file work_7.txt (compact mmCIF, C-alpha atoms)
# COMPACT_ATOMS: atom_id res chain seq x y z
CA GLY A 1 -62.39 19.01 -154.85
CA LEU A 2 -61.73 16.14 -157.23
CA VAL A 3 -64.10 13.60 -158.69
CA GLU A 4 -63.32 10.19 -160.15
CA VAL A 5 -63.78 9.69 -163.87
CA GLU A 6 -63.69 6.25 -165.56
CA ASP A 7 -62.77 5.85 -169.21
CA GLY A 8 -63.72 2.91 -171.38
CA GLY A 9 -60.99 0.72 -169.83
CA ASN A 10 -59.94 0.09 -166.29
CA ASN A 11 -58.14 3.38 -165.96
CA ILE A 12 -59.42 5.90 -163.42
CA SER A 13 -58.61 9.57 -163.67
CA TYR A 14 -59.60 12.59 -161.62
CA ARG A 15 -60.95 15.96 -162.58
CA LYS A 16 -61.93 19.09 -160.76
CA MET A 17 -65.51 19.37 -159.53
CA THR A 18 -67.67 22.08 -161.01
CA PRO A 19 -69.16 24.75 -158.72
CA LYS A 20 -72.57 23.10 -159.02
CA GLU A 21 -71.16 19.71 -157.97
CA ILE A 22 -69.36 21.31 -155.03
CA ALA A 23 -72.63 22.95 -153.89
CA LYS A 24 -74.45 19.64 -154.07
CA ALA A 25 -71.73 17.88 -152.07
CA ILE A 26 -71.87 20.57 -149.38
CA LYS A 27 -75.64 20.29 -149.13
CA ALA A 28 -75.53 16.50 -148.98
CA LYS A 29 -72.81 16.45 -146.33
CA GLY A 30 -75.05 17.50 -143.45
CA LEU A 31 -78.02 15.70 -141.97
CA GLN A 32 -81.05 16.14 -144.21
CA LYS A 33 -84.74 16.06 -143.33
CA LEU A 34 -85.89 12.63 -142.27
CA ARG A 35 -89.23 12.90 -144.06
CA TRP A 36 -87.40 13.11 -147.41
CA TYR A 37 -85.56 9.84 -146.89
CA CYS A 38 -86.56 6.59 -148.59
CA GLN A 39 -85.67 3.62 -146.44
CA MET A 40 -86.34 1.00 -149.09
CA CYS A 41 -84.00 2.68 -151.57
CA GLN A 42 -81.78 4.16 -148.85
CA LYS A 43 -81.80 7.49 -150.67
CA GLN A 44 -81.83 10.92 -149.03
CA CYS A 45 -83.54 13.74 -150.93
CA ARG A 46 -82.76 17.40 -150.25
CA ASP A 47 -86.24 18.83 -150.70
CA GLU A 48 -89.85 17.86 -151.26
CA ASN A 49 -89.64 18.18 -155.05
CA GLY A 50 -86.68 15.80 -155.20
CA PHE A 51 -88.53 13.33 -152.96
CA LYS A 52 -91.55 13.40 -155.31
CA GLN A 53 -89.30 12.82 -158.30
CA HIS A 54 -87.72 9.87 -156.55
CA CYS A 55 -91.08 8.34 -155.69
CA THR A 56 -92.06 8.37 -159.37
CA SER A 57 -88.80 6.83 -160.52
CA ASP A 58 -88.61 3.27 -161.85
CA SER A 59 -86.13 2.09 -159.24
CA HIS A 60 -88.43 3.19 -156.40
CA GLN A 61 -91.44 1.57 -158.04
CA ARG A 62 -89.56 -1.74 -158.30
CA MET A 63 -88.61 -1.60 -154.60
CA MET A 64 -92.20 -0.83 -153.64
CA LYS A 65 -93.39 -3.90 -155.54
CA VAL A 66 -90.92 -6.01 -153.55
CA PHE A 67 -92.17 -4.38 -150.34
CA ALA A 68 -95.82 -5.05 -151.29
CA GLU A 69 -95.15 -8.78 -151.57
CA ASN A 70 -94.25 -9.11 -147.87
CA PRO A 71 -94.71 -5.82 -145.99
CA ASN A 72 -94.74 -7.30 -142.47
CA SER A 73 -91.35 -8.90 -142.97
CA PHE A 74 -89.78 -5.58 -143.97
CA LEU A 75 -91.47 -3.69 -141.13
CA ASP A 76 -90.36 -6.24 -138.55
CA ASP A 77 -86.81 -6.22 -139.89
CA PHE A 78 -86.56 -2.41 -139.87
CA SER A 79 -88.15 -2.25 -136.41
CA LYS A 80 -85.70 -4.80 -135.04
CA GLN A 81 -82.72 -2.92 -136.49
CA PHE A 82 -84.01 0.40 -135.11
CA GLU A 83 -84.54 -1.09 -131.64
CA GLU A 84 -81.09 -2.73 -131.61
CA GLY A 85 -79.37 0.50 -132.68
CA PHE A 86 -81.28 2.59 -130.14
CA MET A 87 -80.67 0.19 -127.24
CA ASP A 88 -77.02 -0.28 -128.18
CA LEU A 89 -76.53 3.49 -127.93
CA VAL A 90 -78.27 3.59 -124.53
CA ARG A 91 -76.21 0.68 -123.26
CA ARG A 92 -72.86 2.07 -124.42
CA ARG A 93 -73.46 5.77 -123.79
CA TRP A 94 -75.47 5.99 -120.56
CA ARG A 95 -75.66 2.45 -119.17
CA THR A 96 -77.95 2.57 -116.10
CA LYS A 97 -78.13 6.36 -115.82
CA ARG A 98 -81.45 8.15 -116.10
CA ILE A 99 -81.63 10.04 -119.41
CA GLU A 100 -84.23 11.88 -121.46
CA ALA A 101 -85.57 9.72 -124.30
CA ASN A 102 -85.58 12.59 -126.84
CA LYS A 103 -81.89 13.25 -126.16
CA VAL A 104 -81.06 9.62 -126.95
CA TYR A 105 -83.07 9.79 -130.16
CA ASN A 106 -81.38 13.03 -131.30
CA GLU A 107 -77.97 11.47 -130.81
CA TYR A 108 -79.06 8.27 -132.54
CA ILE A 109 -80.15 10.03 -135.75
CA GLN A 110 -76.77 11.77 -136.09
CA ASP A 111 -75.61 8.64 -137.89
CA ARG A 112 -76.61 9.02 -141.55
CA THR A 113 -76.90 5.27 -142.01
CA HIS A 114 -79.34 4.73 -139.16
CA ILE A 115 -82.75 3.12 -139.60
CA HIS A 116 -85.42 5.82 -139.72
CA MET A 117 -88.45 5.61 -137.48
CA ASN A 118 -90.86 6.23 -140.35
CA ALA A 119 -89.83 2.81 -141.68
CA THR A 120 -90.76 1.01 -138.45
CA LYS A 121 -94.04 -0.02 -136.86
CA TRP A 122 -93.84 2.83 -134.36
CA VAL A 123 -95.25 6.17 -135.41
CA THR A 124 -93.93 8.33 -132.54
CA LEU A 125 -91.07 8.20 -130.06
CA THR A 126 -93.57 8.07 -127.18
CA GLU A 127 -95.07 4.89 -128.60
CA PHE A 128 -91.61 3.35 -129.02
CA VAL A 129 -90.58 4.22 -125.44
CA ALA A 130 -93.82 2.73 -124.11
CA TYR A 131 -92.99 -0.48 -126.00
CA LEU A 132 -89.52 -0.59 -124.42
CA GLY A 133 -91.04 -0.16 -120.96
CA LYS A 134 -93.56 -2.97 -121.48
CA SER A 135 -90.79 -5.23 -122.81
CA GLY A 136 -88.78 -4.72 -119.61
CA LEU A 137 -85.79 -3.24 -121.39
CA VAL A 138 -85.90 0.17 -119.69
CA GLU A 139 -87.60 1.91 -116.78
CA VAL A 140 -89.88 4.68 -118.08
CA GLU A 141 -90.66 7.80 -116.07
CA GLU A 142 -93.04 10.35 -117.56
CA THR A 143 -92.86 13.89 -116.16
CA GLU A 144 -94.42 17.20 -117.11
CA LYS A 145 -91.32 18.24 -119.03
CA ALA A 146 -90.19 15.07 -120.79
CA ILE A 147 -90.04 11.28 -120.76
CA PHE A 148 -87.02 9.74 -119.04
CA ILE A 149 -85.70 6.22 -119.45
CA LYS A 150 -83.23 4.12 -117.47
CA TYR A 151 -81.59 1.02 -118.91
CA ILE A 152 -82.18 -2.27 -117.08
CA ASP A 153 -78.91 -4.16 -117.17
CA ARG A 154 -79.54 -7.87 -117.75
CA ASP A 155 -75.98 -8.79 -118.66
CA PRO A 156 -75.11 -12.24 -117.19
CA GLU A 157 -71.90 -10.93 -115.66
CA MET A 158 -73.73 -7.99 -114.11
CA LEU A 159 -76.47 -10.28 -112.81
CA LYS A 160 -73.83 -12.50 -111.19
CA LEU A 161 -72.23 -9.45 -109.62
CA GLN A 162 -75.56 -8.23 -108.25
CA GLU A 163 -76.34 -11.71 -106.92
CA ALA A 164 -72.94 -11.80 -105.20
CA ILE A 165 -73.56 -8.39 -103.65
CA LYS A 166 -76.97 -9.48 -102.34
CA LYS A 167 -75.49 -12.69 -100.96
CA LYS A 168 -72.75 -10.75 -99.19
CA GLU A 169 -75.26 -8.33 -97.70
CA LYS A 170 -77.36 -11.27 -96.49
CA MET A 171 -74.30 -12.90 -94.94
CA ASP A 172 -73.30 -9.64 -93.26
CA TYR A 173 -76.81 -9.31 -91.87
CA SER A 174 -76.72 -12.92 -90.65
CA ASP A 175 -73.33 -12.33 -89.00
CA GLU A 176 -74.66 -9.21 -87.32
CA MET A 177 -77.71 -11.07 -86.03
CA ARG A 178 -75.49 -13.91 -84.83
CA ASN A 179 -73.23 -11.48 -82.99
CA GLN A 180 -76.28 -9.80 -81.48
CA ARG A 181 -77.62 -13.13 -80.22
CA ARG A 182 -74.22 -14.05 -78.78
CA ILE A 183 -73.97 -10.72 -76.97
CA GLU A 184 -77.51 -11.12 -75.61
CA ALA A 185 -76.60 -14.61 -74.37
CA GLN A 186 -73.51 -13.21 -72.66
CA LEU A 187 -75.56 -10.46 -71.03
CA ALA A 188 -78.10 -13.01 -69.79
CA ALA A 189 -75.30 -15.19 -68.39
CA LEU A 190 -73.75 -12.21 -66.61
CA GLN A 191 -77.09 -11.21 -65.12
CA GLN A 192 -77.75 -14.78 -63.96
CA LEU A 193 -74.26 -14.95 -62.40
CA HIS A 194 -74.89 -11.66 -60.64
CA ALA A 195 -78.22 -12.93 -59.27
CA GLU A 196 -76.60 -16.14 -58.04
CA THR A 197 -73.80 -14.13 -56.37
CA GLU A 198 -76.33 -11.97 -54.52
CA ALA A 199 -78.31 -15.01 -53.40
CA HIS A 200 -75.11 -16.73 -52.17
CA SER A 201 -74.06 -13.65 -50.19
CA ASP A 202 -77.52 -13.49 -48.55
CA ASP A 203 -77.28 -17.18 -47.58
CA GLU A 204 -73.84 -16.63 -46.02
CA GLY A 205 -75.20 -13.74 -43.95
CA GLU A 206 -78.06 -15.88 -42.59
CA HIS A 207 -75.65 -18.72 -41.81
CA ALA A 208 -73.36 -16.36 -39.93
CA VAL A 209 -76.26 -15.12 -37.80
CA GLY A 210 -77.36 -18.69 -37.02
CA GLY A 211 -73.79 -19.73 -36.11
CA ASP A 212 -73.41 -16.88 -33.59
CA GLY A 213 -76.62 -17.91 -31.87
CA ALA A 214 -75.45 -21.53 -31.64
CA ASP A 215 -72.10 -20.46 -30.15
CA ALA A 216 -73.83 -18.28 -27.59
CA ALA A 217 -76.09 -21.16 -26.58
CA ALA A 218 -73.08 -23.46 -26.27
CA MET A 219 -71.31 -20.96 -24.03
CA ALA A 220 -74.40 -20.59 -21.93
CA GLY A 221 -74.63 -24.34 -21.65
CA GLU A 222 -71.04 -24.57 -20.43
CA SER A 223 -71.66 -21.97 -17.76
CA ASP A 224 -74.67 -23.85 -16.37
CA LEU A 225 -74.24 -26.61 -13.79
CA THR A 226 -74.52 -29.98 -15.40
CA PRO A 227 -75.94 -32.92 -13.40
CA ARG A 228 -73.36 -35.44 -12.23
CA HIS A 229 -73.49 -39.08 -11.25
CA PRO A 230 -74.82 -39.58 -7.70
CA GLU A 231 -71.80 -41.74 -6.65
CA GLU A 232 -69.25 -39.30 -8.05
CA LYS A 233 -67.41 -37.44 -5.34
CA ILE A 234 -67.12 -33.72 -5.36
CA LYS A 235 -63.61 -32.47 -4.78
CA ILE A 236 -63.07 -29.00 -3.38
CA SER A 237 -59.61 -27.52 -3.21
CA LEU A 238 -59.08 -24.94 -0.53
CA GLY A 239 -56.28 -22.51 -1.27
CA PRO A 240 -54.91 -19.85 1.04
CA LEU A 241 -57.26 -17.03 1.51
CA LYS A 242 -56.20 -13.79 -0.16
CA LYS A 243 -57.18 -10.48 1.11
CA PRO A 244 -58.94 -8.41 -1.46
CA ALA A 245 -56.90 -5.48 -2.71
CA PRO A 246 -58.03 -2.23 -1.28
CA ALA A 247 -60.11 -0.21 -3.69
CA PRO A 248 -58.59 3.07 -4.79
CA PRO A 249 -60.16 6.09 -3.26
CA VAL A 250 -62.90 7.51 -5.37
CA THR A 251 -63.07 11.24 -5.70
CA ILE A 252 -65.83 13.45 -6.86
CA SER A 253 -63.88 14.54 -9.93
CA ALA A 254 -63.16 10.96 -10.99
CA VAL A 255 -66.82 10.05 -10.73
CA LYS A 256 -67.80 13.05 -12.77
CA SER A 257 -65.19 12.33 -15.46
CA ASP A 258 -66.33 8.70 -15.76
CA VAL A 259 -69.92 9.77 -16.09
CA ILE A 260 -69.00 12.37 -18.73
CA VAL A 261 -66.89 9.91 -20.76
CA GLU A 262 -69.61 7.26 -20.61
CA ASP A 263 -72.24 9.78 -21.63
CA ALA A 264 -70.13 11.00 -24.57
CA SER A 265 -69.42 7.44 -25.78
CA ASP A 266 -73.14 6.59 -25.61
CA LYS A 267 -74.02 9.66 -27.67
CA LYS A 268 -71.34 8.88 -30.24
CA ARG A 269 -72.53 5.27 -30.54
CA LYS A 270 -76.14 6.40 -30.99
CA ARG A 271 -75.10 8.89 -33.69
CA ASP A 272 -73.15 6.20 -35.55
CA GLU A 273 -76.08 3.78 -35.34
CA GLU A 274 -78.51 6.42 -36.62
CA HIS A 275 -76.18 7.36 -39.49
CA GLN A 276 -75.69 3.72 -40.45
CA HIS A 277 -79.43 3.06 -40.30
CA HIS A 278 -80.14 6.13 -42.49
CA THR A 279 -77.53 5.07 -45.03
CA GLU A 280 -78.86 1.53 -45.21
CA SER A 281 -82.45 2.73 -45.58
CA GLN A 282 -81.43 5.20 -48.30
CA HIS A 283 -79.32 2.76 -50.34
CA HIS A 284 -81.08 -0.47 -49.58
CA GLY A 285 -81.01 -2.69 -52.66
CA THR A 286 -79.19 -0.08 -54.81
CA ALA A 287 -75.61 0.03 -53.56
CA PRO A 288 -73.90 -2.84 -55.40
CA PRO A 289 -70.74 -4.49 -54.12
CA ASP A 290 -67.48 -4.26 -56.02
CA ALA A 291 -68.22 -7.46 -57.91
CA LYS A 292 -71.58 -6.09 -59.02
CA ARG A 293 -70.04 -2.80 -60.21
CA GLN A 294 -67.49 -4.73 -62.23
CA LYS A 295 -70.20 -6.89 -63.84
CA LEU A 296 -72.35 -3.87 -64.76
CA SER A 297 -69.37 -2.06 -66.25
CA ALA A 298 -68.55 -5.11 -68.39
CA ILE A 299 -72.13 -5.25 -69.68
CA GLU A 300 -72.10 -1.54 -70.41
CA GLU A 301 -68.78 -1.84 -72.22
CA ILE A 302 -70.13 -4.60 -74.49
CA ARG A 303 -73.19 -2.51 -75.30
CA LEU A 304 -71.10 0.57 -76.08
CA GLN A 305 -68.84 -1.43 -78.39
CA GLN A 306 -71.86 -2.84 -80.23
CA GLU A 307 -73.42 0.63 -80.61
CA ALA A 308 -70.14 2.06 -81.93
CA LYS A 309 -69.92 -0.75 -84.50
CA LYS A 310 -73.49 -0.10 -85.68
CA GLU A 311 -72.73 3.62 -85.94
CA ARG A 312 -69.63 3.02 -88.09
CA GLU A 313 -71.35 0.57 -90.42
CA ASN A 314 -74.52 2.63 -90.97
CA ARG A 315 -73.12 6.19 -91.08
CA LYS A 316 -73.43 7.36 -94.72
CA ASP A 317 -73.14 10.69 -96.54
CA TYR A 318 -76.66 10.26 -97.94
CA TRP A 319 -79.88 9.95 -95.93
CA LEU A 320 -82.82 10.18 -98.36
CA PHE A 321 -85.61 7.61 -97.95
CA GLU A 322 -88.90 7.24 -99.80
CA GLY A 323 -91.97 8.20 -97.78
CA VAL A 324 -90.33 10.62 -95.30
CA ILE A 325 -91.34 14.28 -94.97
CA VAL A 326 -88.63 16.90 -95.56
CA LYS A 327 -88.36 20.68 -95.67
CA ILE A 328 -87.11 22.64 -98.70
CA LEU A 329 -84.30 25.11 -97.95
CA ASN A 330 -83.43 26.33 -101.47
CA LYS A 331 -84.76 29.86 -102.07
CA ARG A 332 -84.16 29.63 -105.82
CA VAL A 333 -86.68 26.84 -106.38
CA GLY A 334 -89.79 28.44 -107.88
CA ASP A 335 -88.36 31.92 -107.15
CA GLY A 336 -88.72 31.27 -103.44
CA ALA A 337 -92.32 30.05 -103.60
CA PHE A 338 -91.35 26.67 -102.08
CA TYR A 339 -88.89 27.94 -99.47
CA LYS A 340 -89.52 26.31 -96.05
CA LYS A 341 -92.31 24.22 -97.58
CA LYS A 342 -92.72 20.60 -96.56
CA GLY A 343 -93.02 17.71 -98.96
CA VAL A 344 -92.98 13.93 -99.07
CA ILE A 345 -90.26 12.05 -100.97
CA LEU A 346 -91.83 9.96 -103.72
CA LYS A 347 -88.64 8.57 -105.24
CA VAL A 348 -84.88 8.66 -104.62
CA GLU A 349 -82.54 8.77 -107.62
CA ASP A 350 -78.79 8.09 -107.43
CA LYS A 351 -78.95 8.31 -103.58
CA TYR A 352 -78.70 12.13 -103.52
CA LEU A 353 -81.62 13.35 -105.68
CA ALA A 354 -85.24 13.25 -104.48
CA LEU A 355 -88.53 13.59 -106.31
CA ILE A 356 -90.71 15.55 -103.85
CA LYS A 357 -94.43 16.24 -103.81
CA VAL A 358 -95.14 19.52 -102.00
CA LEU A 359 -97.85 18.95 -99.38
CA ASP A 360 -99.53 22.36 -99.73
CA THR A 361 -99.65 22.74 -103.52
CA GLY A 362 -99.14 19.22 -104.88
CA HIS A 363 -96.27 20.30 -107.15
CA LYS A 364 -93.61 17.71 -107.94
CA LEU A 365 -90.00 18.89 -107.73
CA LYS A 366 -86.57 17.32 -108.08
CA ILE A 367 -84.25 18.66 -105.39
CA ASP A 368 -80.78 17.69 -104.25
CA GLN A 369 -80.19 16.37 -100.74
CA ALA A 370 -78.10 19.46 -99.86
CA ASP A 371 -81.20 21.67 -100.22
CA LEU A 372 -83.33 19.59 -97.84
CA GLU A 373 -83.52 19.03 -94.09
CA THR A 374 -85.30 16.50 -91.89
CA VAL A 375 -88.61 17.21 -90.14
CA ILE A 376 -89.10 16.28 -86.45
CA PRO A 377 -92.68 15.31 -85.41
CA ASN A 378 -94.38 16.07 -82.12
CA LYS A 379 -93.82 13.90 -79.05
CA GLY A 380 -95.30 10.47 -79.65
CA GLY A 381 -95.06 10.81 -83.45
CA ARG A 382 -93.54 8.14 -85.67
CA VAL A 383 -90.05 8.63 -87.11
CA LEU A 384 -87.63 6.82 -89.39
CA ILE A 385 -83.94 6.61 -88.51
CA VAL A 386 -82.25 7.80 -91.73
CA ASN A 387 -78.58 7.70 -90.72
CA GLY A 388 -76.19 6.21 -88.19
CA ALA A 389 -76.94 3.25 -85.94
CA TYR A 390 -80.32 1.52 -86.54
CA ARG A 391 -80.52 3.11 -90.04
CA GLY A 392 -83.79 2.21 -91.75
CA GLU A 393 -85.61 1.22 -88.53
CA GLN A 394 -88.86 2.87 -87.44
CA GLY A 395 -89.57 4.23 -84.00
CA VAL A 396 -91.53 6.59 -81.78
CA LEU A 397 -90.33 10.00 -80.60
CA VAL A 398 -90.21 9.84 -76.79
CA ALA A 399 -88.70 13.22 -75.92
CA VAL A 400 -86.79 16.15 -77.43
CA LEU A 401 -83.51 17.30 -75.83
CA VAL A 402 -83.53 20.93 -76.97
CA ASP A 403 -80.25 21.91 -75.28
CA GLN A 404 -78.37 19.01 -76.87
CA PHE A 405 -80.13 19.22 -80.28
CA LYS A 406 -81.09 15.57 -79.91
CA ALA A 407 -84.23 13.46 -79.66
CA VAL A 408 -84.97 10.30 -77.65
CA VAL A 409 -86.35 7.56 -79.92
CA ARG A 410 -87.72 4.14 -78.99
CA VAL A 411 -87.25 1.58 -81.79
CA ASP A 412 -90.39 -0.45 -82.51
CA SER A 413 -89.43 -2.42 -85.61
CA GLY A 414 -86.86 -4.99 -86.64
CA PRO A 415 -84.65 -7.12 -84.40
CA TYR A 416 -83.81 -4.14 -82.12
CA ARG A 417 -87.38 -3.48 -81.04
CA GLY A 418 -87.62 -1.85 -77.62
CA ASN A 419 -84.19 -0.19 -77.66
CA THR A 420 -84.17 3.49 -76.62
CA LEU A 421 -81.47 5.80 -77.93
CA ASP A 422 -80.52 9.46 -78.37
CA LYS A 423 -80.23 10.61 -82.01
CA PRO A 424 -79.32 14.03 -83.48
CA TYR A 425 -82.06 15.89 -85.33
CA GLU A 426 -80.49 15.20 -88.71
CA ASP A 427 -80.50 11.40 -88.15
CA ILE A 428 -84.30 11.02 -87.80
CA CYS A 429 -87.17 12.18 -89.97
CA LYS A 430 -90.95 12.22 -89.76
call {"tool": "encode", "arguments": {"input": "work_7.txt", "output": "structure tokens"}}
result
Amino acid sequence: GLVEVEDGGNNISYRKMTPKEIAKAIKAKGLQKLRWYCQMCQKQCRDENGFKQHCTSDSHQRMMKVFAENPNSFLDDFSKQFEEGFMDLVRRRWRTKRIEANKVYNEYIQDRTHIHMNATKWVTLTEFVAYLGKSGLVEVEETEKAIFIKYIDRDPEMLKLQEAIKKKEKMDYSDEMRNQRRIEAQLAALQQLHAETEAHSDDEGEHAVGGDGADAAAMAGESDLTPRHPEEKIKISLGPLKKPAPAPPVTISAVKSDVIVEDASDKKRKRDEEHQHHTESQHHGTAPPDAKRQKLSAIEEIRLQQEAKKERENRKDYWLFEGVIVKILNKRVGDGAFYKKKGVILKVEDKYLALIKVLDTGHKLKIDQADLETVIPNKGGRVLIVNGAYRGEQGVLVAVLVDQFKAVVRVDSGPYRGNTLDKPYEDICK
């Protein structure tokens, strides 16, 4: 290595470094102990003896006198610089990801020119992280292993984007509710039209029966003798008398055949009447006409289209929700001690990771969604729909379809209260 050497003038020359100078440069190149660093003088010492020598030097004593004149100003300035450097690293490196606080600190101190914590108003990293959490800069989560932080993004552009996303979700929800109301209005109109059609058909039947009676009475009236005026003359036309045609001879066989045919026709008519009466009594009020079948199929088609739309919009590849009870399927967790154990989800992180509290032991574990399965309660128990149509709505388990691996759920929350639907086991959870 070479080192610069200045002569009496402005000329600069270079000479080779001695072995001792090379050793010092190698030692000073790496990161030294933080406790042997003087922030006021910005000098790093290699060992405790060198740090003591520096503390007794004149230059350090002069800086300490300056510090003694206004210590709070220096502490606040160093603390502000340390906080800005730490938060700038979190914002650039991890953004809104959850990260261990000690890992951030270890990466921060890799810069030799950083502000040391022993020059700030915080004594420990735990105290500093607690300050960040109270200030609303990060979300702090303290676990048994370490302290984790998550940056809260308050950038104006990001806030505008989040506001736009919320507004869009609200508009989508309003559109969905509007479509639901329109469909319900159409269904009500169809049902009312169907009721009016049935009432009109009943009225036509009664009118037809009344008309037949009136016609019969009119015919009977025409056949009766009507009174005439006493002075009116009665005219009688006498035509030539005709001899009645001789009746064909009746034989015994003809009489028998007529009787047999009449008897058979009577039996057939009675059978038809009995069959018709049985059919009407069996299907009375349930056999709809063609118009009714068409109306019901239209209603059913609208409902099926709406259900398919809800299924498409709410079907996700993640289903974790806070507060539901799940079963652990990973045999490697705790060397199999928690296999098939049930726990409640306390928190969901990044949509696919759950913080679970085991019901039997009270242990808290972080497990991926792939190592969990839903839990189905007993009949009458409460469930949450975690995927597919009606996602996020609560309901009651009505029945379990074991052969189809499905469950019948009645929704009892939200705008779809009262709807009953079949859901696969993996779409509902206790």
call {"tool": "residues_around", "arguments": {"input": "work_7.txt", "residues": "A:Lys331", "least_positions_apart": "5", "cutoff": "12 Å", "atoms": "only C-alpha atoms", "output": "ChimeraX atom specification"}}
result
/A:336-341,367,371-372
call {"tool": "atom_distance", "arguments": {"input": "work_7.txt", "atom1": "atom CA of A:Met40", "atom2": "atom CA of A:Asn106"}}
result
22.0 Å
call {"tool": "atom_distance", "arguments": {"input": "work_7.txt", "atom1": "atom CA of A:Leu137", "atom2": "atom CA of A:Ile152"}}
result
5.7 Å
call {"tool": "closest_residue", "arguments": {"input": "work_7.txt", "among": "A:Lys20, A:Ala298, A:Asn387, A:Phe67", "to": "A:Gln186", "atoms": "all atoms listed in the file"}}
result
A:Ala298
call {"tool": "closest_residue", "arguments": {"input": "work_7.txt", "among": "A:Glu311, A:Asp412, A:Asp88, A:Glu127", "to": "A:Val396", "atoms": "all atoms listed in the file"}}
result
A:Asp412
call {"tool": "atom_distance", "arguments": {"input": "work_7.txt", "atom1": "atom CA of A:Leu190", "atom2": "atom CA of A:Met177"}}
result
19.9 Å
call {"tool": "closest_residue", "arguments": {"input": "work_7.txt", "among": "A:Arg332, A:Arg98, A:Lys327, A:Arg154", "to": "A:Val140", "atoms": "only C-alpha atoms"}}
result
A:Arg98
call {"tool": "closest_residue", "arguments": {"input": "work_7.txt", "among": "A:Ala308, A:Met63, A:Ile328, A:Cys41", "to": "A:Val358", "atoms": "only C-alpha atoms"}}
result
A:Ile328
call {"tool": "closest_residue", "arguments": {"input": "work_7.txt", "among": "A:Lys65, A:Arg410, A:Lys167, A:Lys150", "to": "A:Val104", "atoms": "all atoms listed in the file"}}
result
A:Lys150
call {"tool": "closest_residue", "arguments": {"input": "work_7.txt", "among": "A:Thr18, A:Thr126, A:Asn118, A:Asn72", "to": "A:Tyr37", "atoms": "all atoms listed in the file"}}
result
A:Asn118
call {"tool": "residues_around", "arguments": {"input": "work_7.txt", "residues": "A:Asp427", "least_positions_apart": "5", "cutoff": "12 Å", "atoms": "all atoms listed in the file", "output": "VMD selection string"}}
result
chain A and resid 311 314 to 321 373 to 376 383 to 394 405 to 409 421 to 422
